[in-house]
$ cat query.txt   # compact mmCIF, C-alpha atoms
# COMPACT_ATOMS: atom_id res chain seq x y z
CA MET A 40 0.00 0.00 0.00
CA LYS A 41 1.22 3.51 -0.83
CA ILE A 42 0.90 5.84 2.15
CA ALA A 43 1.27 9.61 2.43
CA LEU A 44 2.01 11.12 5.83
CA ILE A 45 0.58 14.49 6.88
CA GLY A 46 2.37 15.71 9.98
CA TYR A 47 5.89 14.51 10.70
CA GLY A 48 6.23 14.93 14.43
CA LYS A 49 6.72 12.11 16.91
CA MET A 50 3.53 10.34 15.83
CA GLY A 51 4.28 10.69 12.12
CA LYS A 52 7.77 9.24 12.54
CA GLU A 53 6.43 6.29 14.53
CA ILE A 54 3.78 5.62 11.89
CA GLU A 55 6.46 5.66 9.20
CA LYS A 56 8.48 2.98 11.03
CA VAL A 57 5.52 0.65 11.58
CA ALA A 58 4.17 1.15 8.06
CA LEU A 59 7.52 0.23 6.53
CA SER A 60 7.81 -2.81 8.82
CA ARG A 61 4.43 -4.03 7.50
CA GLY A 62 5.62 -3.77 3.90
CA HIS A 63 3.97 -0.47 2.97
CA GLU A 64 5.61 2.35 1.01
CA ILE A 65 5.76 5.99 2.13
CA VAL A 66 5.35 8.00 -1.08
CA CYS A 67 5.03 11.52 0.35
CA ILE A 68 5.57 13.33 3.66
CA ILE A 69 3.87 16.68 4.18
CA ASP A 70 4.75 18.93 7.07
CA ILE A 71 4.45 22.63 7.80
CA ASN A 72 7.18 23.65 5.35
CA ASN A 73 5.99 21.87 2.18
CA GLN A 74 2.23 22.40 1.96
CA GLU A 75 2.51 22.71 -1.83
CA ASP A 76 3.13 18.96 -1.99
CA PHE A 77 -0.59 18.36 -1.54
CA GLU A 78 -0.69 19.04 -5.30
CA SER A 79 2.26 16.77 -6.14
CA GLU A 80 1.96 13.60 -8.18
CA ALA A 81 3.61 11.71 -5.34
CA PHE A 82 0.85 12.68 -2.92
CA LYS A 83 -1.87 11.96 -5.45
CA SER A 84 -0.42 8.47 -6.00
CA ALA A 85 -1.10 7.45 -2.39
CA ASP A 86 -3.74 4.81 -1.66
CA VAL A 87 -4.37 6.55 1.65
CA ALA A 88 -2.97 9.45 3.67
CA ILE A 89 -2.52 9.37 7.45
CA GLU A 90 -2.89 12.68 9.27
CA PHE A 91 -1.95 13.54 12.86
CA THR A 92 -1.61 17.29 13.34
CA ASN A 93 -3.53 19.81 15.47
CA PRO A 94 -6.95 21.51 15.59
CA MET A 95 -5.76 24.65 13.76
CA VAL A 96 -4.66 22.91 10.56
CA ALA A 97 -6.57 19.61 10.45
CA TYR A 98 -9.58 20.93 8.52
CA ASN A 99 -7.40 22.49 5.79
CA ASN A 100 -5.45 19.23 5.54
CA TYR A 101 -8.70 17.35 5.01
CA ILE A 102 -9.83 19.68 2.23
CA CYS A 103 -6.45 19.52 0.46
CA THR A 104 -6.41 15.73 0.70
CA PHE A 105 -9.95 15.41 -0.65
CA LYS A 106 -9.09 17.81 -3.48
CA ALA A 107 -6.21 15.55 -4.45
CA GLY A 108 -8.57 12.55 -4.57
CA VAL A 109 -6.79 10.70 -1.76
CA LYS A 110 -8.50 8.75 1.02
CA LEU A 111 -7.64 9.92 4.53
CA VAL A 112 -7.12 8.48 7.99
CA SER A 113 -6.95 11.09 10.75
CA GLY A 114 -6.57 11.19 14.50
CA SER A 115 -6.60 14.97 14.84
CA THR A 116 -9.14 16.33 17.32
CA GLY A 117 -10.61 19.72 18.16
CA TRP A 118 -12.05 20.43 14.68
CA MET A 119 -15.33 18.54 14.94
CA ALA A 120 -17.48 21.23 16.55
CA GLU A 121 -16.85 23.76 13.77
CA HIS A 122 -16.44 21.54 10.72
CA GLY A 123 -17.84 18.13 11.65
CA GLU A 124 -21.09 18.26 9.69
CA GLU A 125 -19.38 19.65 6.58
CA ILE A 126 -16.75 16.90 6.56
CA LYS A 127 -19.34 14.17 7.14
CA LYS A 128 -21.41 15.49 4.25
CA LEU A 129 -18.39 15.47 1.93
CA CYS A 130 -17.94 11.79 2.77
CA THR A 131 -21.56 10.64 2.77
CA GLU A 132 -22.81 12.68 -0.20
CA GLU A 133 -19.84 13.77 -2.29
CA GLY A 134 -17.68 10.67 -2.52
CA LYS A 135 -14.82 11.60 -0.18
CA THR A 136 -13.37 9.14 2.32
CA LEU A 137 -12.29 9.85 5.88
CA PHE A 138 -11.58 7.33 8.61
CA TRP A 139 -11.59 9.41 11.78
CA SER A 140 -11.14 8.42 15.37
CA SER A 141 -10.34 10.42 18.47
CA ASN A 142 -8.08 7.54 19.49
CA PHE A 143 -6.67 4.66 17.43
CA SER A 144 -5.30 2.69 20.37
CA LEU A 145 -6.45 -0.92 20.37
CA GLY A 146 -6.61 -0.77 24.16
CA VAL A 147 -8.80 2.34 24.07
CA THR A 148 -11.07 0.59 21.56
CA ILE A 149 -11.59 -2.25 24.05
CA PHE A 150 -11.93 0.27 26.88
CA SER A 151 -14.61 2.13 24.91
CA ALA A 152 -16.66 -1.05 24.53
CA VAL A 153 -16.32 -1.77 28.27
CA ASN A 154 -17.34 1.82 29.02
CA LYS A 155 -20.56 1.50 27.04
CA TYR A 156 -21.38 -1.88 28.57
CA LEU A 157 -20.77 -0.58 32.09
CA ALA A 158 -23.01 2.43 31.41
CA LYS A 159 -25.81 0.08 30.31
CA ILE A 160 -25.52 -1.79 33.59
CA MET A 161 -25.27 1.38 35.70
CA ASN A 162 -28.42 2.71 34.05
CA GLN A 163 -30.26 0.40 36.47
CA PHE A 164 -28.57 1.92 39.54
CA PRO A 165 -29.40 5.64 39.85
CA ASP A 166 -27.62 6.04 43.20
CA TYR A 167 -24.29 6.09 41.36
CA ASN A 168 -23.09 9.38 39.90
CA VAL A 169 -20.57 9.20 37.08
CA THR A 170 -17.63 11.54 36.40
CA MET A 171 -14.62 11.40 34.12
CA SER A 172 -11.06 12.71 34.11
CA GLU A 173 -8.33 12.65 31.49
CA THR A 174 -4.61 13.41 31.69
CA HIS A 175 -2.31 14.25 28.77
CA HIS A 176 1.08 15.79 28.09
CA ILE A 177 1.56 19.55 28.30
CA HIS A 178 1.73 19.91 24.49
CA LYS A 179 -1.87 18.83 23.90
CA LEU A 180 -3.90 21.86 22.85
CA ASP A 181 -7.51 20.72 23.25
CA ALA A 182 -9.26 19.88 26.51
CA PRO A 183 -11.14 17.72 27.19
CA SER A 184 -9.39 15.28 24.88
CA GLY A 185 -11.21 13.94 21.85
CA THR A 186 -11.05 10.50 23.42
CA ALA A 187 -12.72 11.77 26.59
CA ILE A 188 -15.51 13.32 24.53
CA THR A 189 -16.01 10.05 22.63
CA LEU A 190 -16.13 8.12 25.91
CA ALA A 191 -18.56 10.66 27.36
CA GLU A 192 -20.84 10.27 24.35
CA GLY A 193 -20.74 6.50 24.88
CA ILE A 194 -21.98 7.04 28.43
CA LEU A 195 -24.71 9.48 27.40
CA GLU A 196 -26.02 6.98 24.85
CA ASN A 197 -26.55 4.37 27.55
CA LEU A 198 -27.22 6.25 30.80
CA ASP A 199 -30.67 7.85 30.84
CA ARG A 200 -29.98 10.17 33.78
CA LYS A 201 -27.22 12.02 31.89
CA ASN A 202 -27.93 13.90 28.66
CA LYS A 203 -24.92 16.19 28.21
CA TRP A 204 -21.26 16.39 29.15
CA VAL A 205 -19.70 19.57 30.52
CA GLU A 206 -16.14 20.70 31.15
CA GLY A 207 -15.04 20.12 34.70
CA THR A 208 -11.76 21.40 36.13
CA LEU A 209 -8.61 22.02 34.08
CA LEU A 210 -5.19 21.66 35.69
CA ALA A 211 -2.95 23.61 33.32
CA PRO A 212 0.76 22.91 32.71
CA ASP A 213 1.67 25.87 34.95
CA GLY A 214 -0.23 24.31 37.86
CA THR A 215 -3.21 26.65 37.82
CA ILE A 216 -6.69 25.17 38.18
CA SER A 217 -9.78 26.57 36.52
CA GLY A 218 -13.38 25.44 36.24
CA THR A 219 -15.44 23.33 38.61
CA THR A 220 -16.78 19.79 38.86
CA ALA A 221 -20.10 21.10 40.18
CA CYS A 222 -22.84 20.48 37.63
CA ALA A 223 -26.50 19.64 37.25
CA SER A 224 -27.67 16.10 37.94
CA ASN A 225 -28.24 15.48 34.22
CA GLU A 226 -24.70 16.57 33.31
CA LEU A 227 -21.49 14.52 33.11
CA SER A 228 -18.42 16.38 34.35
CA VAL A 229 -15.20 15.78 32.36
CA SER A 230 -12.04 17.15 33.99
CA SER A 231 -8.62 17.54 32.37
CA ILE A 232 -5.01 17.54 33.54
CA ARG A 233 -2.02 18.66 31.46
CA GLU A 234 1.28 17.56 32.91
CA GLY A 235 4.66 16.13 31.88
CA GLU A 236 4.80 13.84 28.84
CA VAL A 237 1.79 11.65 29.70
CA PHE A 238 0.61 9.70 26.65
CA GLY A 239 -2.97 9.55 27.85
CA ILE A 240 -4.90 8.41 30.93
CA HIS A 241 -8.71 8.23 30.94
CA THR A 242 -10.64 7.35 34.09
CA ILE A 243 -14.39 6.86 34.51
CA ARG A 244 -15.74 6.73 38.04
CA TYR A 245 -19.17 5.72 39.32
CA GLU A 246 -19.64 6.71 42.95
CA SER A 247 -22.39 6.20 45.51
CA ASP A 248 -22.57 6.70 49.26
CA ILE A 249 -21.47 3.12 49.86
CA ASP A 250 -18.77 2.44 47.25
CA SER A 251 -17.24 3.40 43.92
CA ILE A 252 -16.49 1.64 40.64
CA THR A 253 -13.60 2.90 38.53
CA ILE A 254 -12.23 1.90 35.13
CA THR A 255 -9.03 3.37 33.69
CA HIS A 256 -7.03 3.17 30.48
CA ASP A 257 -3.37 4.25 30.80
CA ALA A 258 -1.31 4.41 27.60
CA LYS A 259 2.34 3.45 28.21
CA ASN A 260 3.62 4.62 24.81
CA ARG A 261 2.47 5.45 21.28
CA GLY A 262 2.59 1.83 20.09
CA GLY A 263 -1.15 1.17 20.37
CA PHE A 264 -2.07 4.40 18.61
CA VAL A 265 0.37 3.75 15.75
CA LEU A 266 -0.67 0.17 15.06
CA GLY A 267 -4.33 1.15 15.16
CA ALA A 268 -3.74 3.94 12.63
CA ILE A 269 -1.99 1.54 10.25
CA LEU A 270 -4.80 -1.03 10.60
CA ALA A 271 -7.29 1.76 9.87
CA ALA A 272 -5.32 2.76 6.78
CA GLU A 273 -5.30 -0.82 5.52
CA TYR A 274 -9.08 -0.94 6.02
CA THR A 275 -9.68 2.47 4.43
CA ALA A 276 -7.79 1.58 1.28
CA GLN A 277 -10.56 -0.95 0.56
CA HIS A 278 -13.58 1.09 1.73
CA GLU A 279 -15.25 4.44 1.19
CA GLY A 280 -17.27 7.05 3.07
CA TYR A 281 -17.18 8.36 6.63
CA LEU A 282 -15.53 5.56 8.58
CA GLY A 283 -14.59 4.94 12.20
CA MET A 284 -13.44 2.36 14.70
CA GLY A 285 -16.92 0.81 14.73
CA ASP A 286 -16.33 -0.19 11.09
CA LEU A 287 -12.91 -1.67 11.80
CA PHE A 288 -14.03 -3.36 15.04
CA PRO A 289 -17.76 -4.23 14.81
CA PHE A 290 -17.89 -5.29 18.49
CA LEU A 291 -17.99 -1.56 19.30
CA ASN A 292 -21.50 -1.48 17.85
CA ASP A 293 -22.92 -4.18 20.12

$ encode --input "query.txt" --output "structure tokens"
Amino acid sequence: MKIALIGYGKMGKEIEKVALSRGHEIVCIIDINNQEDFESEAFKSADVAIEFTNPMVAYNNYICTFKAGVKLVSGSTGWMAEHGEEIKKLCTEEGKTLFWSSNFSLGVTIFSAVNKYLAKIMNQFPDYNVTMSETHHIHKLDAPSGTAITLAEGILENLDRKNKWVEGTLLAPDGTISGTTACASNELSVSSIREGEVFGIHTIRYESDIDSITITHDAKNRGGFVLGAILAAEYTAQHEGYLGMGDLFPFLND
């Protein structure tokens, strides 16, 4: 498979290594200094592009990739609120292809399924209140994380007493704390911590007066994210439309 990389930071370099080890070819690498290569024949020759950048540039990367006629896999977050419906429409009605996930980690995929199943069970036990927290490295720009939002949506789908998530507290890299975990009974508080070089920790906690139930996913390195992105690219090369982890792993839809 011919792969183009968009974004050549730590994640892009790791994806390159794993892609090559699986027998794929990297035909083009686009970073901040060579945006004109979106129009190159090398980029257009790719079976799929893999994009990990940031909220400020992701949308433009999507449009440039679609214009070149290349399928796209992306793990960038923070763009969905402003451009989500437009991008989905391009894929569902205008023939473009995007496989998007807030988190490609295989462990997070399993964790997401457990999260939904636990919410279904806890729907029967209203004495338990649910909250969430996520911790990431100081370089992450969006908060809450895209993964936390996806997990929160999985809870809201299955827990009748909650119908919206809200931002809780934010512990910034400089140690300052803003926000509050206080919220209405129908709201799910999602708090964020930005410290060190943490790859990603997501914790969901159900608490009552008598006990608490907690599930946590703690990423040790980028390995799970990278392999998941490559598996998604291999899937996307053979499929079209607006795709996600539920397509790659159908057990997420149970």

$ atom_distance --input "query.txt" --atom1 "CA of Leu282 (chain A)" --atom2 "CA of Lys135 (chain A)"
10.7 Å

$ residues_near_point --input "query.txt" --point "(-17.1, -1.9, 12.7)" --cutoff "12 Å" --atoms "all atoms listed in the file" --output "list in words"
Phe138, Thr148, Ala152, Ala271, Tyr274, Thr275, His278, Tyr281, Leu282, Gly283, Met284, Gly285, Asp286, Leu287, Phe288, Pro289, Phe290, Leu291, Asn292 and Asp293 of chain A

$ atom_distance --input "query.txt" --atom1 "CA of Val205 (chain A)" --atom2 "CA of Thr220 (chain A)"
8.8 Å

$ atom_distance --input "query.txt" --atom1 "CA of Ala223 (chain A)" --atom2 "CA of Thr189 (chain A)"
20.4 Å

$ closest_atom_pairs --input "query.txt" --of "region 118-220 of chain A" --to "region 85-97 of chain A" --cutoff "10 Å" --atoms "all atoms listed in the file" --output "Markdown table"
| residue | atom | partner | partner_atom | distance |
| --- | --- | --- | --- | --- |
| A:Trp118 | CA | A:Pro94 | CA | 5.3 |
| A:Met119 | CA | A:Pro94 | CA | 8.9 |
| A:Thr136 | CA | A:Val87 | CA | 9.4 |
| A:Leu137 | CA | A:Val87 | CA | 9.6 |
| A:Phe138 | CA | A:Ile89 | CA | 9.4 |
| A:Trp139 | CA | A:Glu90 | CA | 9.6 |
| A:Lys179 | CA | A:Asn93 | CA | 8.6 |
| A:Leu180 | CA | A:Asn93 | CA | 7.7 |
| A:Asp181 | CA | A:Pro94 | CA | 7.7 |

$ residues_near_point --input "query.txt" --point "(-1.0, 8.4, -2.4)" --cutoff "12 Å" --atoms "only C-alpha atoms" --output "JSON, numbers by chain"
{"A": [40, 41, 42, 43, 44, 45, 63, 64, 65, 66, 67, 68, 69, 76, 77, 78, 79, 80, 81, 82, 83, 84, 85, 86, 87, 88, 89, 104, 105, 107, 108, 109, 110, 111, 272, 276]}

$ closest_atom_pairs --input "query.txt" --of "region 157-191 of chain A" --to "region 239-256 of chain A" --cutoff "6 Å" --atoms "only C-alpha atoms" --output "JSON lines"
{"residue": "A:Asp166", "atom": "CA", "partner": "A:Ser247", "partner_atom": "CA", "distance": 5.7}
{"residue": "A:Tyr167", "atom": "CA", "partner": "A:Ser247", "partner_atom": "CA", "distance": 4.6}
{"residue": "A:Asn168", "atom": "CA", "partner": "A:Glu246", "partner_atom": "CA", "distance": 5.3}
{"residue": "A:Val169", "atom": "CA", "partner": "A:Tyr245", "partner_atom": "CA", "distance": 4.4}
{"residue": "A:Thr170", "atom": "CA", "partner": "A:Arg244", "partner_atom": "CA", "distance": 5.4}
{"residue": "A:Met171", "atom": "CA", "partner": "A:Ile243", "partner_atom": "CA", "distance": 4.6}
{"residue": "A:Ser172", "atom": "CA", "partner": "A:Thr242", "partner_atom": "CA", "distance": 5.4}
{"residue": "A:Glu173", "atom": "CA", "partner": "A:His241", "partner_atom": "CA", "distance": 4.5}
{"residue": "A:Thr174", "atom": "CA", "partner": "A:Ile240", "partner_atom": "CA", "distance": 5.1}
{"residue": "A:His175", "atom": "CA", "partner": "A:Gly239", "partner_atom": "CA", "distance": 4.8}

$ closest_atom_pairs --input "query.txt" --of "region 50-153 of chain A" --to "region 264-270 of chain A" --cutoff "10 Å" --atoms "all atoms listed in the file" --output "CSV"
residue,atom,partner,partner_atom,distance
A:Met50,CA,A:Val265,CA,7.3
A:Gly51,CA,A:Val265,CA,8.8
A:Lys52,CA,A:Val265,CA,9.8
A:Glu53,CA,A:Val265,CA,6.7
A:Ile54,CA,A:Val265,CA,5.5
A:Glu55,CA,A:Val265,CA,9.1
A:Lys56,CA,A:Val265,CA,9.4
A:Val57,CA,A:Leu266,CA,7.1
A:Ala58,CA,A:Ile269,CA,6.5
A:Arg61,CA,A:Ile269,CA,8.9
A:His63,CA,A:Ile269,CA,9.6
A:Ile89,CA,A:Ala268,CA,7.6
A:Glu90,CA,A:Ala268,CA,9.4
A:Phe91,CA,A:Ala268,CA,9.8
A:Val112,CA,A:Ala268,CA,7.3
A:Ser113,CA,A:Ala268,CA,8.1
A:Gly114,CA,A:Ala268,CA,8.0
A:Phe138,CA,A:Ala268,CA,9.4
A:Trp139,CA,A:Ala268,CA,9.6
A:Ser140,CA,A:Ala268,CA,9.1
A:Asn142,CA,A:Phe264,CA,6.8
A:Phe143,CA,A:Phe264,CA,4.8
A:Ser144,CA,A:Phe264,CA,4.1
A:Leu145,CA,A:Gly267,CA,6.0
A:Gly146,CA,A:Phe264,CA,8.8
A:Val147,CA,A:Phe264,CA,8.9
A:Thr148,CA,A:Gly267,CA,9.3

$ closest_residue --input "query.txt" --among "A:Glu273, A:Asn72, A:Glu234, A:Ala182" --to "Gly218 (chain A)" --atoms "only C-alpha atoms"
A:Ala182

$ residues_around --input "query.txt" --residues "Ile71 (chain A)" --least-positions-apart "2" --cutoff "9 Å" --atoms "all atoms listed in the file" --output "number ranges by chain"
A: 46-47, 69, 73-74

$ residues_around --input "query.txt" --residues "Lys201 (chain A)" --least-positions-apart "2" --cutoff "10 Å" --atoms "only C-alpha atoms" --output "PyMOL selection string"
chain A and resi 162+168-169+191+194-199+203-204+223-227

$ decode --input "query.txt" --residues "region 42-55 of chain A" --atoms "N, CA and C atoms" --output "compact mmCIF listing (two decimals), in the first residue's frame"
# COMPACT_ATOMS: atom_id res chain seq x y z
N ILE A 42 1.40 4.98 1.09
CA ILE A 42 0.90 5.84 2.15
C ILE A 42 1.56 7.20 2.08
N ALA A 43 0.76 8.26 2.24
CA ALA A 43 1.27 9.61 2.43
C ALA A 43 1.10 9.99 3.89
N LEU A 44 2.09 10.67 4.45
CA LEU A 44 2.01 11.12 5.83
C LEU A 44 1.79 12.62 5.87
N ILE A 45 0.83 13.06 6.67
CA ILE A 45 0.58 14.49 6.88
C ILE A 45 0.84 14.77 8.35
N GLY A 46 1.90 15.51 8.61
CA GLY A 46 2.37 15.71 9.98
C GLY A 46 3.54 14.78 10.23
N TYR A 47 4.70 15.34 10.54
CA TYR A 47 5.89 14.51 10.70
C TYR A 47 6.56 14.78 12.04
N GLY A 48 5.72 14.83 13.07
CA GLY A 48 6.23 14.93 14.43
C GLY A 48 6.51 13.54 14.98
N LYS A 49 6.42 13.40 16.28
CA LYS A 49 6.72 12.11 16.91
C LYS A 49 5.79 11.02 16.40
N MET A 50 4.50 11.34 16.29
CA MET A 50 3.53 10.34 15.83
C MET A 50 3.79 9.97 14.38
N GLY A 51 4.03 10.96 13.53
CA GLY A 51 4.28 10.69 12.12
C GLY A 51 5.49 9.80 11.91
N LYS A 52 6.54 10.04 12.66
CA LYS A 52 7.77 9.24 12.54
C LYS A 52 7.54 7.81 12.99
N GLU A 53 6.75 7.64 14.06
CA GLU A 53 6.43 6.29 14.53
C GLU A 53 5.58 5.54 13.51
N ILE A 54 4.62 6.24 12.91
CA ILE A 54 3.78 5.62 11.89
C ILE A 54 4.63 5.18 10.70
N GLU A 55 5.57 6.01 10.31
CA GLU A 55 6.46 5.66 9.20
C GLU A 55 7.19 4.35 9.48
